[in-house]
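Asker: This is coords03.cif, which holds mmCIF, C-alpha atoms:
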data_upload
loop_
_atom_site.label_atom_id
_atom_site.label_comp_id
_atom_site.auth_asym_id
_atom_site.auth_seq_id
_atom_site.Cartn_x
_atom_site.Cartn_y
_atom_site.Cartn_z
CA MET A 679 39.15 1.74 42.64
CA GLY A 680 42.15 -0.55 42.29
CA THR A 681 43.51 -2.83 44.99
CA ASN A 682 46.50 -0.54 45.65
CA ALA A 683 44.28 2.51 46.12
CA HIS A 684 42.00 0.46 48.35
CA GLU A 685 44.94 -0.56 50.55
CA GLY A 686 46.41 2.93 50.58
CA MET A 687 43.15 4.46 51.79
CA LEU A 688 42.81 1.92 54.58
CA VAL A 689 46.39 2.54 55.76
CA ALA A 690 45.81 6.30 55.69
CA ALA A 691 42.50 5.91 57.56
CA GLU A 692 44.19 3.85 60.27
CA GLN A 693 46.98 6.37 60.65
CA ALA A 694 44.55 9.28 60.79
CA PHE A 695 42.41 7.48 63.37
CA THR A 696 45.44 6.83 65.57
CA ALA A 697 46.22 10.54 65.55
CA TRP A 698 42.61 11.74 65.87
CA GLN A 699 40.99 9.41 68.41
CA GLY A 700 42.68 10.97 71.41
CA THR A 701 42.03 14.60 70.48
CA SER A 702 39.93 16.78 72.74
CA ARG A 703 36.32 17.66 72.06
CA LEU A 704 37.46 21.25 71.61
CA THR A 705 39.81 20.20 68.79
CA ARG A 706 37.06 18.25 67.07
CA ARG A 707 34.57 21.04 67.47
CA ASN A 708 37.05 23.54 66.08
CA LEU A 709 37.48 21.39 62.98
CA VAL A 710 33.72 21.17 62.41
CA ASP A 711 33.42 24.92 62.94
CA ALA A 712 36.21 25.47 60.43
CA TRP A 713 34.40 23.23 57.92
CA LEU A 714 31.25 25.27 58.43
CA GLU A 715 33.21 28.44 57.68
CA GLU A 716 34.29 27.02 54.31
CA ILE A 717 30.75 26.32 53.07
CA PRO A 718 29.50 29.84 52.18
CA ALA A 719 32.15 30.41 49.49
CA ALA A 720 31.23 27.11 47.80
CA LYS A 721 27.50 27.25 48.48
CA GLU A 722 26.23 28.32 45.07
CA ALA A 723 28.68 26.07 43.20
CA MET A 724 27.46 23.07 45.19
CA ALA A 725 23.81 23.95 44.60
CA GLN A 726 24.41 24.34 40.86
CA ALA A 727 26.24 21.00 40.79
CA ILE A 728 23.38 19.25 42.60
CA ALA A 729 20.88 20.62 40.09
CA VAL A 730 22.97 19.71 37.05
CA GLU A 731 24.00 16.24 38.22
CA THR A 732 20.80 15.00 39.91
CA GLY A 733 18.06 17.13 38.39
CA LYS A 734 17.01 18.50 41.78
CA PRO A 735 15.38 21.93 41.27
CA ILE A 736 17.87 24.69 42.00
CA THR A 737 15.70 26.22 44.72
CA LEU A 738 15.61 22.91 46.56
CA ALA A 739 19.33 22.37 45.93
CA ARG A 740 20.12 25.73 47.54
CA GLY A 741 17.92 24.74 50.45
CA GLU A 742 19.82 21.47 50.80
CA VAL A 743 23.19 23.20 51.09
CA GLY A 744 21.68 25.55 53.66
CA ARG A 745 20.51 22.53 55.61
CA ALA A 746 24.03 21.07 55.46
CA GLU A 747 25.27 24.23 57.17
CA ALA A 748 22.65 23.68 59.87
CA THR A 749 23.79 20.07 60.22
CA LEU A 750 27.41 21.14 60.72
CA ARG A 751 26.32 23.72 63.26
CA ALA A 752 24.28 21.09 65.11
CA THR A 753 27.26 18.72 65.05
CA ALA A 754 29.52 21.32 66.65
CA GLU A 755 26.92 21.78 69.39
CA ALA A 756 26.51 18.02 69.82
CA ILE A 757 30.25 17.54 70.35
CA THR A 758 30.03 19.68 73.49
CA GLN A 759 27.29 17.41 74.91
CA PHE A 760 28.78 14.09 73.89
CA GLY A 761 31.42 11.95 75.51
CA GLU A 762 30.72 10.98 79.09
CA GLU A 763 27.93 10.64 81.62
CA ALA A 764 28.31 10.54 85.39
CA ILE A 765 26.82 7.38 86.94
CA PRO A 766 25.48 7.94 90.48
CA TYR A 767 27.37 5.15 92.24
CA ASP A 768 27.10 7.10 95.48
CA LEU A 769 23.37 6.27 95.46
CA MET A 770 23.90 2.56 94.91
CA VAL A 771 24.27 0.01 97.67
CA GLY A 772 27.71 -1.61 97.77
CA ALA A 773 29.57 1.18 95.98
CA ASP A 774 30.91 3.15 98.93
CA GLY A 775 33.90 5.24 97.93
CA CYS A 776 33.49 4.50 94.22
CA ARG A 777 32.88 6.86 91.38
CA ALA A 778 31.88 5.99 87.84
CA THR A 779 31.40 7.48 84.40
CA LEU A 780 30.02 6.01 81.22
CA ARG A 781 32.38 7.17 78.52
CA ARG A 782 32.10 6.73 74.77
CA PHE A 783 35.14 5.92 72.64
CA PRO A 784 35.41 6.03 68.84
CA LEU A 785 35.21 2.63 67.15
CA GLY A 786 37.86 3.18 64.49
CA PRO A 787 37.92 4.04 60.78
CA ALA A 788 34.40 4.28 59.37
CA LEU A 789 32.96 3.85 55.88
CA ALA A 790 30.13 6.18 54.86
CA ILE A 791 28.02 5.34 51.79
CA THR A 792 25.66 8.11 50.69
CA PRO A 793 22.83 8.48 48.11
CA PHE A 794 22.10 10.82 45.20
CA ASN A 795 18.86 12.40 46.40
CA PHE A 796 20.54 14.58 49.06
CA PRO A 797 24.21 14.33 48.02
CA VAL A 798 25.40 17.12 50.34
CA ASN A 799 23.21 17.13 53.43
CA LEU A 800 22.91 13.37 53.88
CA ALA A 801 26.67 13.11 53.46
CA VAL A 802 27.26 15.74 56.13
CA HIS A 803 24.85 13.85 58.41
CA LYS A 804 27.30 10.93 58.39
CA LEU A 805 30.70 12.54 57.95
CA ALA A 806 30.53 15.30 60.55
CA PRO A 807 29.25 13.13 63.46
CA ALA A 808 31.80 10.41 62.67
CA LEU A 809 34.61 12.96 62.75
CA GLY A 810 33.13 14.58 65.85
CA ALA A 811 33.08 11.20 67.57
CA GLY A 812 36.80 10.72 66.89
CA CYS A 813 36.71 8.45 63.85
CA SER A 814 38.45 8.79 60.52
CA VAL A 815 36.17 8.27 57.51
CA ILE A 816 36.35 6.83 54.02
CA TRP A 817 33.43 8.32 52.09
CA LYS A 818 31.92 6.45 49.16
CA PRO A 819 29.47 8.95 47.63
CA CYS A 820 26.83 8.25 44.99
CA PRO A 821 28.22 7.88 41.45
CA GLN A 822 25.54 10.21 40.04
CA ALA A 823 26.98 13.38 41.60
CA PRO A 824 30.81 13.22 41.47
CA ARG A 825 31.35 16.99 41.10
CA THR A 826 29.00 17.76 43.98
CA SER A 827 30.83 15.30 46.22
CA LYS A 828 34.24 16.67 45.26
CA LEU A 829 33.13 20.23 46.01
CA LEU A 830 31.95 19.20 49.46
CA TRP A 831 35.15 17.24 50.14
CA ASP A 832 37.21 20.23 49.03
CA THR A 833 35.55 22.39 51.69
CA PHE A 834 36.51 19.85 54.33
CA GLU A 835 40.09 19.59 53.09
CA ALA A 836 40.47 23.36 53.22
CA ALA A 837 39.30 23.28 56.84
CA ARG A 838 41.52 20.32 57.69
CA LEU A 839 44.61 22.03 56.32
CA ARG A 840 43.76 25.26 58.09
CA MET A 841 43.35 23.42 61.42
CA ASN A 842 46.37 21.15 60.85
CA ALA A 843 44.26 18.03 61.36
CA PRO A 844 45.67 14.64 60.31
CA ALA A 845 45.95 13.82 56.61
CA GLY A 846 43.59 11.06 55.54
CA LEU A 847 40.99 12.01 58.13
CA LEU A 848 38.28 12.13 55.45
CA GLN A 849 38.99 10.39 52.14
CA LEU A 850 36.83 10.41 49.04
CA ALA A 851 36.56 6.95 47.48
CA ASP A 852 35.57 6.61 43.82
CA ALA A 853 34.52 3.00 44.31
CA ASP A 854 32.16 0.75 42.39
CA PRO A 855 29.82 -1.49 44.46
CA VAL A 856 32.27 -4.41 44.45
CA ALA A 857 35.17 -2.26 45.69
CA ALA A 858 32.91 -0.56 48.25
CA GLU A 859 31.88 -3.95 49.63
CA ALA A 860 35.53 -4.98 49.82
CA LEU A 861 36.23 -1.86 51.85
CA ALA A 862 33.32 -2.61 54.16
CA LEU A 863 34.50 -6.18 54.68
CA ASP A 864 38.05 -5.19 55.55
CA PRO A 865 38.69 -5.77 59.28
CA ARG A 866 40.22 -2.31 59.61
CA ILE A 867 36.81 -0.70 58.96
CA ALA A 868 35.01 -0.61 62.30
CA ALA A 869 31.67 0.94 61.33
CA ILE A 870 29.65 1.30 58.14
CA SER A 871 26.92 3.91 57.74
CA PHE A 872 24.72 3.40 54.68
CA THR A 873 21.77 5.30 53.27
CA GLY A 874 20.10 3.70 50.28
CA SER A 875 17.75 0.97 49.16
CA GLU A 876 16.33 -1.78 51.33
CA ARG A 877 17.74 -4.38 48.93
CA VAL A 878 21.34 -3.20 49.32
CA GLY A 879 20.90 -2.64 53.04
CA ARG A 880 19.72 -6.20 53.59
CA HIS A 881 22.63 -7.53 51.54
CA LEU A 882 25.06 -5.57 53.72
CA GLU A 883 23.44 -7.02 56.84
CA LYS A 884 24.16 -10.52 55.56
CA VAL A 885 27.75 -10.00 54.48
CA LEU A 886 28.74 -7.73 57.37
CA ALA A 887 27.30 -9.74 60.25
CA GLY A 888 29.09 -8.79 63.44
CA LYS A 889 30.16 -5.31 62.30
CA ARG A 890 28.64 -2.04 63.43
CA LEU A 891 26.20 -1.31 60.61
CA LEU A 892 24.06 1.82 60.62
CA LEU A 893 21.25 1.71 58.07
CA GLU A 894 18.90 4.38 56.73
CA LEU A 895 16.78 2.55 54.16
CA GLY A 896 13.59 3.09 52.20
CA GLY A 897 10.01 3.84 53.13
CA ASN A 898 6.53 4.15 51.70
CA GLY A 899 5.29 7.01 53.85
CA ALA A 900 1.65 6.80 54.91
CA VAL A 901 -0.64 9.70 55.75
CA VAL A 902 -4.00 9.28 57.48
CA VAL A 903 -6.47 12.15 57.05
CA ASP A 904 -9.37 12.36 59.48
CA ALA A 905 -12.81 13.84 58.93
CA GLY A 906 -13.20 17.37 60.26
CA VAL A 907 -9.89 18.82 59.06
CA ASP A 908 -9.69 21.57 56.44
CA PRO A 909 -9.25 19.58 53.19
CA VAL A 910 -7.59 22.41 51.29
CA ALA A 911 -5.12 23.24 54.08
CA VAL A 912 -4.20 19.58 54.59
CA ALA A 913 -3.82 18.99 50.83
CA LYS A 914 -1.47 21.97 50.59
CA SER A 915 0.50 20.67 53.58
CA ILE A 916 0.99 17.20 52.09
CA ALA A 917 1.52 18.07 48.39
CA PRO A 918 5.18 19.22 48.56
CA SER A 919 6.18 16.08 50.47
CA ALA A 920 4.57 13.95 47.76
CA VAL A 921 6.21 15.39 44.66
CA ALA A 922 8.87 18.04 45.39
CA GLY A 923 12.22 16.95 43.99
CA ALA A 924 10.31 14.42 41.84
CA GLY A 925 9.32 12.54 44.98
CA GLN A 926 12.84 11.13 45.34
CA SER A 927 12.81 11.04 49.11
CA CYS A 928 12.62 7.99 51.34
CA SER A 929 10.14 9.82 53.57
CA LYS A 930 7.87 11.17 50.81
CA ALA A 931 4.09 11.05 51.21
CA GLN A 932 3.17 8.00 49.13
CA ARG A 933 0.04 6.40 50.59
CA ILE A 934 -2.74 8.75 51.72
CA TYR A 935 -5.73 7.24 53.53
CA VAL A 936 -8.68 9.64 53.59
CA HIS A 937 -11.79 9.39 55.75
CA ILE A 938 -14.88 8.71 53.63
CA ASP A 939 -16.61 11.85 54.94
CA LEU A 940 -13.74 14.01 53.61
CA TRP A 941 -13.09 12.10 50.39
CA ASP A 942 -15.15 14.18 47.97
CA ALA A 943 -13.61 17.42 49.23
CA PHE A 944 -10.05 16.22 49.69
CA CYS A 945 -9.43 14.56 46.31
CA PRO A 946 -9.96 17.68 44.14
CA ALA A 947 -8.12 19.81 46.71
CA PHE A 948 -5.11 17.48 46.58
CA VAL A 949 -5.10 17.39 42.77
CA ALA A 950 -5.20 21.20 42.73
CA ALA A 951 -2.38 21.44 45.26
CA ILE A 952 -0.19 19.13 43.16
CA GLN A 953 -1.04 20.97 39.95
CA ALA A 954 0.01 24.24 41.58
CA MET A 955 3.58 22.99 41.98
CA PRO A 956 5.68 24.05 38.95
CA VAL A 957 7.13 21.18 36.90
CA GLY A 958 10.02 21.50 34.48
CA ASP A 959 13.57 22.79 34.13
CA PRO A 960 15.52 22.22 37.37
CA MET A 961 17.58 25.35 36.72
CA ASP A 962 14.44 27.54 36.81
CA PRO A 963 14.10 28.92 40.37
CA ALA A 964 10.32 28.51 40.13
CA THR A 965 10.49 24.76 39.51
CA LEU A 966 9.69 22.41 42.40
CA VAL A 967 9.27 19.16 40.45
CA GLY A 968 12.18 18.37 38.16
CA PRO A 969 13.26 15.16 36.44
CA VAL A 970 13.93 11.88 38.18
CA ILE A 971 17.56 10.78 38.32
CA ASP A 972 17.70 9.37 34.77
CA GLU A 973 15.50 8.49 31.82
CA ALA A 974 15.64 4.76 32.52
CA THR A 975 14.03 5.40 35.91
CA ALA A 976 11.35 7.58 34.33
CA ILE A 977 10.56 4.87 31.76
CA ARG A 978 10.32 2.23 34.49
CA VAL A 979 7.96 4.29 36.66
CA ASP A 980 5.86 5.28 33.65
CA ALA A 981 5.50 1.59 32.72
CA SER A 982 4.47 0.82 36.30
CA LEU A 983 1.75 3.45 36.01
CA ASP A 984 0.51 1.79 32.82
CA ARG A 985 0.44 -1.55 34.64
CA ALA A 986 -1.50 -0.17 37.61
CA ILE A 987 -4.05 1.52 35.34
CA ALA A 988 -4.49 -1.61 33.26
CA GLY A 989 -5.16 -3.44 36.52
CA GLY A 990 -8.04 -1.13 37.42
CA ALA A 991 -6.50 1.90 39.12
CA GLN A 992 -8.31 5.19 38.57
CA VAL A 993 -6.28 8.20 37.46
CA LEU A 994 -6.87 11.53 39.17
CA LEU A 995 -3.80 13.13 37.60
CA ARG A 996 -1.15 12.08 35.11
CA GLY A 997 1.02 13.86 32.58
CA VAL A 998 3.14 12.83 29.62
CA ARG A 999 6.73 11.77 30.25
CA GLN A 1000 9.42 13.81 28.48
CA GLY A 1001 12.77 12.08 28.81
CA ALA A 1002 13.60 11.92 32.52
CA LEU A 1003 10.86 14.43 33.37
CA LEU A 1004 7.91 12.52 34.79
CA PRO A 1005 4.98 14.76 35.80
CA PRO A 1006 3.22 13.96 39.08
CA ALA A 1007 0.63 11.17 39.04
CA ILE A 1008 -2.21 10.53 41.48
CA LEU A 1009 -3.95 7.16 41.53
CA THR A 1010 -6.80 5.70 43.52
CA GLY A 1011 -8.50 2.33 43.74
CA LEU A 1012 -5.28 0.34 44.21
CA PRO A 1013 -5.20 -2.86 46.29
CA GLU A 1014 -2.85 -2.96 49.26
CA ASP A 1015 -0.58 -5.47 47.53
CA ASP A 1016 0.05 -3.21 44.53
CA PRO A 1017 3.72 -2.13 44.36
CA PHE A 1018 2.71 1.54 44.60
CA GLN A 1019 1.15 0.67 47.97
CA CYS A 1020 3.56 -1.86 49.45
CA GLU A 1021 6.94 -0.88 47.94
CA GLU A 1022 8.87 2.39 47.82
CA ALA A 1023 7.78 4.55 44.86
CA PHE A 1024 10.71 7.03 45.03
CA SER A 1025 8.98 9.05 42.32
CA PRO A 1026 6.20 11.67 42.00
CA VAL A 1027 3.46 9.02 42.26
CA THR A 1028 0.90 9.23 45.07
CA VAL A 1029 -1.95 6.86 45.94
CA LEU A 1030 -5.19 8.01 47.58
CA THR A 1031 -7.35 5.44 49.37
CA ARG A 1032 -10.78 5.97 50.91
CA VAL A 1033 -11.34 4.48 54.39
CA ALA A 1034 -14.49 4.13 56.48
CA SER A 1035 -12.87 5.42 59.68
CA PHE A 1036 -9.73 7.02 61.06
CA ALA A 1037 -8.96 3.77 62.89
CA GLU A 1038 -9.14 1.84 59.62
CA GLY A 1039 -6.77 4.32 58.06
CA LEU A 1040 -4.26 3.80 60.87
CA ASP A 1041 -4.49 0.04 60.55
CA ARG A 1042 -3.91 0.14 56.80
CA ALA A 1043 -1.13 2.68 57.13
CA ALA A 1044 0.65 0.45 59.65
CA ALA A 1045 0.28 -2.71 57.55
CA THR A 1046 3.69 -2.41 55.92
CA ARG A 1047 7.14 -3.88 56.45
CA PHE A 1048 8.59 -0.34 56.30
CA GLY A 1049 8.78 2.03 59.24
CA LEU A 1050 10.51 5.30 58.42
CA ARG A 1051 7.89 8.03 58.53
CA ALA A 1052 4.10 8.06 58.99
CA CYS A 1053 1.73 10.88 59.82
CA ALA A 1054 -1.84 11.71 60.71
CA TYR A 1055 -4.00 14.81 60.41
CA SER A 1056 -6.86 15.22 62.87
CA ARG A 1057 -8.52 17.78 65.14
CA ASP A 1058 -9.42 15.06 67.62
CA GLN A 1059 -6.73 14.72 70.30
CA ARG A 1060 -7.87 11.17 71.07
CA ASN A 1061 -7.23 10.18 67.47
CA LEU A 1062 -3.81 11.82 67.49
CA ARG A 1063 -2.88 9.87 70.63
CA LEU A 1064 -4.13 6.71 68.94
CA ALA A 1065 -1.92 7.49 65.94
CA GLU A 1066 1.14 7.71 68.20
CA THR A 1067 0.47 4.14 69.30
CA LYS A 1068 -0.66 2.59 66.02
CA LEU A 1069 1.78 4.10 63.52
CA ARG A 1070 4.92 2.02 63.97
CA ALA A 1071 7.65 4.18 62.46
CA GLY A 1072 10.86 5.88 63.49
CA GLY A 1073 9.10 9.21 63.05
CA VAL A 1074 5.39 9.84 63.61
CA LEU A 1075 4.28 13.30 62.50
CA LEU A 1076 0.98 14.73 63.71
CA ASN A 1077 -0.61 17.45 61.59
CA LEU A 1078 2.66 17.67 59.67
CA PRO A 1079 3.83 16.01 56.43
CA PRO A 1080 6.22 13.01 56.58
CA THR A 1081 9.13 14.93 55.07
CA PHE A 1082 9.15 17.49 57.90
CA ARG A 1083 12.63 17.31 59.42
CA LEU A 1084 14.88 19.44 61.58
CA ASP A 1085 18.47 18.37 61.06
CA ALA A 1086 19.49 18.44 64.73
CA ALA A 1087 16.62 16.10 65.68
CA PRO A 1088 16.69 12.29 65.59
CA PHE A 1089 15.77 10.72 62.24
CA GLY A 1090 15.63 7.02 61.56
CA GLY A 1091 13.56 3.98 60.78
CA VAL A 1092 12.50 0.64 62.17
CA ARG A 1093 11.88 -2.76 60.57
CA ALA A 1094 12.74 -2.68 56.84
CA SER A 1095 13.53 1.05 57.02
CA GLY A 1096 16.76 0.64 58.99
CA ASN A 1097 18.04 1.01 62.52
CA GLY A 1098 19.10 3.72 64.90
CA PHE A 1099 18.89 7.46 64.47
CA GLU A 1100 20.75 10.11 62.56
CA GLY A 1101 20.83 13.71 63.70
CA PRO A 1102 24.33 14.65 64.93
CA LEU A 1103 24.05 13.85 68.64
CA TYR A 1104 22.32 10.53 67.93
CA ALA A 1105 24.56 9.58 65.01
CA MET A 1106 27.67 10.00 67.16
CA GLU A 1107 26.53 7.12 69.34
CA GLY A 1108 26.64 4.84 66.30
CA PHE A 1109 30.31 5.59 65.71
CA THR A 1110 31.33 4.91 69.31
CA GLU A 1111 31.21 2.23 71.99
CA GLY A 1112 30.32 2.75 75.62
CA ARG A 1113 32.76 1.95 78.39
CA LEU A 1114 31.87 2.06 82.08
CA ILE A 1115 34.84 3.47 84.01
CA VAL A 1116 34.66 2.66 87.73
CA GLU A 1117 37.25 3.86 90.24
CA GLY A 1118 37.37 2.56 93.80
CA PRO A 1119 39.12 4.07 96.81
CA ALA A 1120 42.91 3.92 96.96
CA LEU A 1121 44.29 0.85 98.77
#
Take the structure in this file and express it as structure tokens.
Answerer:
Amino acid sequence: MGTNAHEGMLVAAEQAFTAWQGTSRLTRRNLVDAWLEEIPAAKEAMAQAIAVETGKPITLARGEVGRAEATLRATAEAITQFGEEAIPYDLMVGADGCRATLRRFPLGPALAITPFNFPVNLAVHKLAPALGAGCSVIWKPCPQAPRTSKLLWDTFEAARLRMNAPAGLLQLADADPVAAEALALDPRIAAISFTGSERVGRHLEKVLAGKRLLLELGGNGAVVVDAGVDPVAVAKSIAPSAVAGAGQSCSKAQRIYVHIDLWDAFCPAFVAAIQAMPVGDPMDPATLVGPVIDEATAIRVDASLDRAIAGGAQVLLRGVRQGALLPPAILTGLPEDDPFQCEEAFSPVTVLTRVASFAEGLDRAAATRFGLRACAYSRDQRNLRLAETKLRAGGVLLNLPPTFRLDAAPFGGVRASGNGFEGPLYAMEGFTEGRLIVEGPAL
């Protein structure tokens, strides 16, 4: 993106914000509803584009576009709930004759930076709440899926034109990292919402100190499996979250801590559950595990597997890489400081670790700088309550895999995994500022 285009987008975003910030919630909801109406006609084209550009299996790509529809629907509902809250001044000493509301006002033009692994739904999770909150948005999508991003933007533009909403309300920025950072630094950008790697997120924190920065970063999702559960049922529950979509999810099941009494039954059950998931051509509707984003990534992960095995890891499952297609791998016997344990794998690699007790599993699961998703499987209610306390993450799932998500619900991380929550109602708070409005009696 050149300097002139950069400046032109900022001017357009400011103008659109000026026109949009004072609109009613009904107007904003009508625009989101209109956007939702545009999706069905483009649904299959977007799914095909996701599969071609990112390698996501077509069945999962279709599911992603369906989830984006649900996200838009949830945003429209959230708009009706969002905006102001009555404060009970009439119950407070010293406030006789006063009334008060806590109102939320849009911050200004926002910059949304979105990743390749969910190029439609994670984009909608930022764009729709920002618009619903009254902001204009410059959207910097991932470079790996330009056609997908354009198709999604086209659906919005069709809705915008139909509803006669301001031009420049949502702009698509084809920006390299340097230009994107320049946009973020510009004083006219009031909020930046970023989903991506911890490394980039921490860099943004440093250079954007003092700005509203909403971060959804990486994770290394832990699962603790207690004795007494059905090993086959639990293995089947966890397997898709470990490898579906080539494991390219920040909330994938990566580290699985298994009670020693269940170890001998769980390991073969988990291997069988992973082997039952079809691997191959992303355009085949049966495929659930396609290629990673590019061959360079596959080569890097494959080399990391070689390193771990040379260091003493035992292999329960591994296939032969073919270009960008990296079959699922299951390792055991890794120390806690191995990168596959302490970093984000973002690949179809899973580590199983035997623990002497459920409590030990919780302690080891929690011993990470990340905090996006963690989960525990147990039939003991006391252990599940202990997991709620011990597993320090933005989302703690009990008897569910870490990738379980409903798009209207809050989703976010703590510590190195980010801040705040997405989910339309919760995301809208990030694009606004609160203002207490107090009115006293007439004088």
Asker: Taking the file above as input, evaluate the PyMOL selection byres ((chain A and resi 789) around 8) and report the hits as a list in words.
Answerer: Pro787, Ala788, Ala790, Ile791, Val815, Ile816, Trp817, Lys818, Leu861, Ala862, Ile867, Ala869, Ile870 and Ser871 of chain A
Asker: Could you give me, as a PyMOL selection string, the residues within 12 Å of segment 723-733 of chain A, counting all atoms listed in the file and dropping anything in the same chain fewer than 4 positions from it?
Answerer: chain A and resi 717-719+737-746+793-799+820-833+922-926+957-963+965-973+1002-1004
Asker: Please write as number ranges by chain the full residue list that the PyMOL selection byres ((chain A and resi 1013) around 12) yields on this file.
Answerer: A: 933, 986-987, 989-992, 1009-1012, 1014-1020, 1029-1032, 1042
Asker: Care to translate the PyMOL selection byres ((chain A and resi 890) around 9) into actual residues of this file, as a VMD selection string?
Answerer: chain A and resid 785 868 to 871 886 to 889 891 to 892 1108 to 1109
Asker: Would you save the residues of that selection, restricted to C-alpha atoms, as a PDB file, in the frame of the given file?
Answerer:
ATOM      1  CA  LEU A 785      35.210   2.630  67.150  1.00  0.00           C
ATOM      2  CA  ALA A 868      35.010  -0.610  62.300  1.00  0.00           C
ATOM      3  CA  ALA A 869      31.670   0.940  61.330  1.00  0.00           C
ATOM      4  CA  ILE A 870      29.650   1.300  58.140  1.00  0.00           C
ATOM      5  CA  SER A 871      26.920   3.910  57.740  1.00  0.00           C
ATOM      6  CA  LEU A 886      28.740  -7.730  57.370  1.00  0.00           C
ATOM      7  CA  ALA A 887      27.300  -9.740  60.250  1.00  0.00           C
ATOM      8  CA  GLY A 888      29.090  -8.790  63.440  1.00  0.00           C
ATOM      9  CA  LYS A 889      30.160  -5.310  62.300  1.00  0.00           C
ATOM     10  CA  LEU A 891      26.200  -1.310  60.610  1.00  0.00           C
ATOM     11  CA  LEU A 892      24.060   1.820  60.620  1.00  0.00           C
ATOM     12  CA  GLY A1108      26.640   4.840  66.300  1.00  0.00           C
ATOM     13  CA  PHE A1109      30.310   5.590  65.710  1.00  0.00           C
TER      14      PHE A1109
END
Asker: Measuring atom to atom with only C-alpha atoms, identify which of A:Gln932, A:Thr701, A:Thr975, A:Thr1067 is nearest to Ala1007 of chain A.
Answerer: A:Gln932
Asker: Between A:Cys928, A:Asn682, A:Gln759, A:Val907, single out the one closest to Asp1058 of chain A, counting all atoms listed in the file.
Answerer: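 Under the stated criterion, the closest residue is A:Val907.
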Asker: Which residue, A:Met687, A:Ala905, A:Ala756, A:Ala860, has the smallest gap to Ala808 of chain A when you use all atoms listed in the file?
Answerer: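 When distances to Ala808 of chain A are compared using all atoms listed in the file, the smallest one comes from A:Ala756.
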Asker: One decimal, Å: what's the distance from atom CA of Leu1062 of chain A over to atom CA of Leu1076 of chain A, could you say?
Answerer: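 Value for the atom CA of Leu1062 of chain A-atom CA of Leu1076 of chain A distance: 6.8 Å.
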Asker: Using all atoms listed in the file, determine which residues lie at most 12 Å from Arg1083 of chain A, disregarding the query and same-chain residues fewer than 2 positions distant; provide the list as an mmCIF file with C-alpha atoms, in the frame of the given file.
Answerer:
data_model
loop_
_atom_site.group_PDB
_atom_site.id
_atom_site.type_symbol
_atom_site.label_atom_id
_atom_site.label_comp_id
_atom_site.auth_asym_id
_atom_site.auth_seq_id
_atom_site.Cartn_x
_atom_site.Cartn_y
_atom_site.Cartn_z
ATOM 1 C CA GLU A 742 19.820 21.470 50.800
ATOM 2 C CA ARG A 745 20.510 22.530 55.610
ATOM 3 C CA ALA A 748 22.650 23.680 59.870
ATOM 4 C CA THR A 749 23.790 20.070 60.220
ATOM 5 C CA SER A 919 6.180 16.080 50.470
ATOM 6 C CA SER A 929 10.140 9.820 53.570
ATOM 7 C CA LYS A 930 7.870 11.170 50.810
ATOM 8 C CA ARG A 1051 7.890 8.030 58.530
ATOM 9 C CA GLY A 1073 9.100 9.210 63.050
ATOM 10 C CA VAL A 1074 5.390 9.840 63.610
ATOM 11 C CA LEU A 1075 4.280 13.300 62.500
ATOM 12 C CA LEU A 1078 2.660 17.670 59.670
ATOM 13 C CA PRO A 1079 3.830 16.010 56.430
ATOM 14 C CA PRO A 1080 6.220 13.010 56.580
ATOM 15 C CA THR A 1081 9.130 14.930 55.070
ATOM 16 C CA ASP A 1085 18.470 18.370 61.060
ATOM 17 C CA ALA A 1086 19.490 18.440 64.730
ATOM 18 C CA ALA A 1087 16.620 16.100 65.680
ATOM 19 C CA PRO A 1088 16.690 12.290 65.590
ATOM 20 C CA PHE A 1089 15.770 10.720 62.240
ATOM 21 C CA GLY A 1090 15.630 7.020 61.560
ATOM 22 C CA GLU A 1100 20.750 10.110 62.560
ATOM 23 C CA GLY A 1101 20.830 13.710 63.700
#
Asker: In Å, with one decimal, what is the gap from atom CA of Val885 of chain A to atom CA of Ala694 of chain A?
Answerer: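 Calculated distance between atom CA of Val885 of chain A and atom CA of Ala694 of chain A is 26.3 Å.
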Asker: Looking at only C-alpha atoms, which of A:Arg703, A:Arg838, A:Arg782, A:Lys914 is the one that sits closest to Ala951 of chain A?
Answerer: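 For Ala951 of chain A, the nearest of the given residues is A:Lys914.
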Asker: Given all atoms listed in the file as the basis, pick out the residue of A:Gln849, A:Ser927, A:Thr1046, A:Ser814 nearest to Arg866 of chain A.
Answerer: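 The closest residue to Arg866 of chain A is A:Ser814.
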Asker: Taking into account all atoms listed in the file, which residue in the set A:Asn898, A:Thr753, A:Ser702, A:Gln693 is nearest to Ala1094 of chain A?
Answerer: A:Asn898
Asker: Could you please determine the separation between atom CA of Lys1068 of chain A and atom CA of Leu882 of chain A in Å, to one decimal place?
Answerer: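 That distance, rounded to one decimal, is 29.7 Å.
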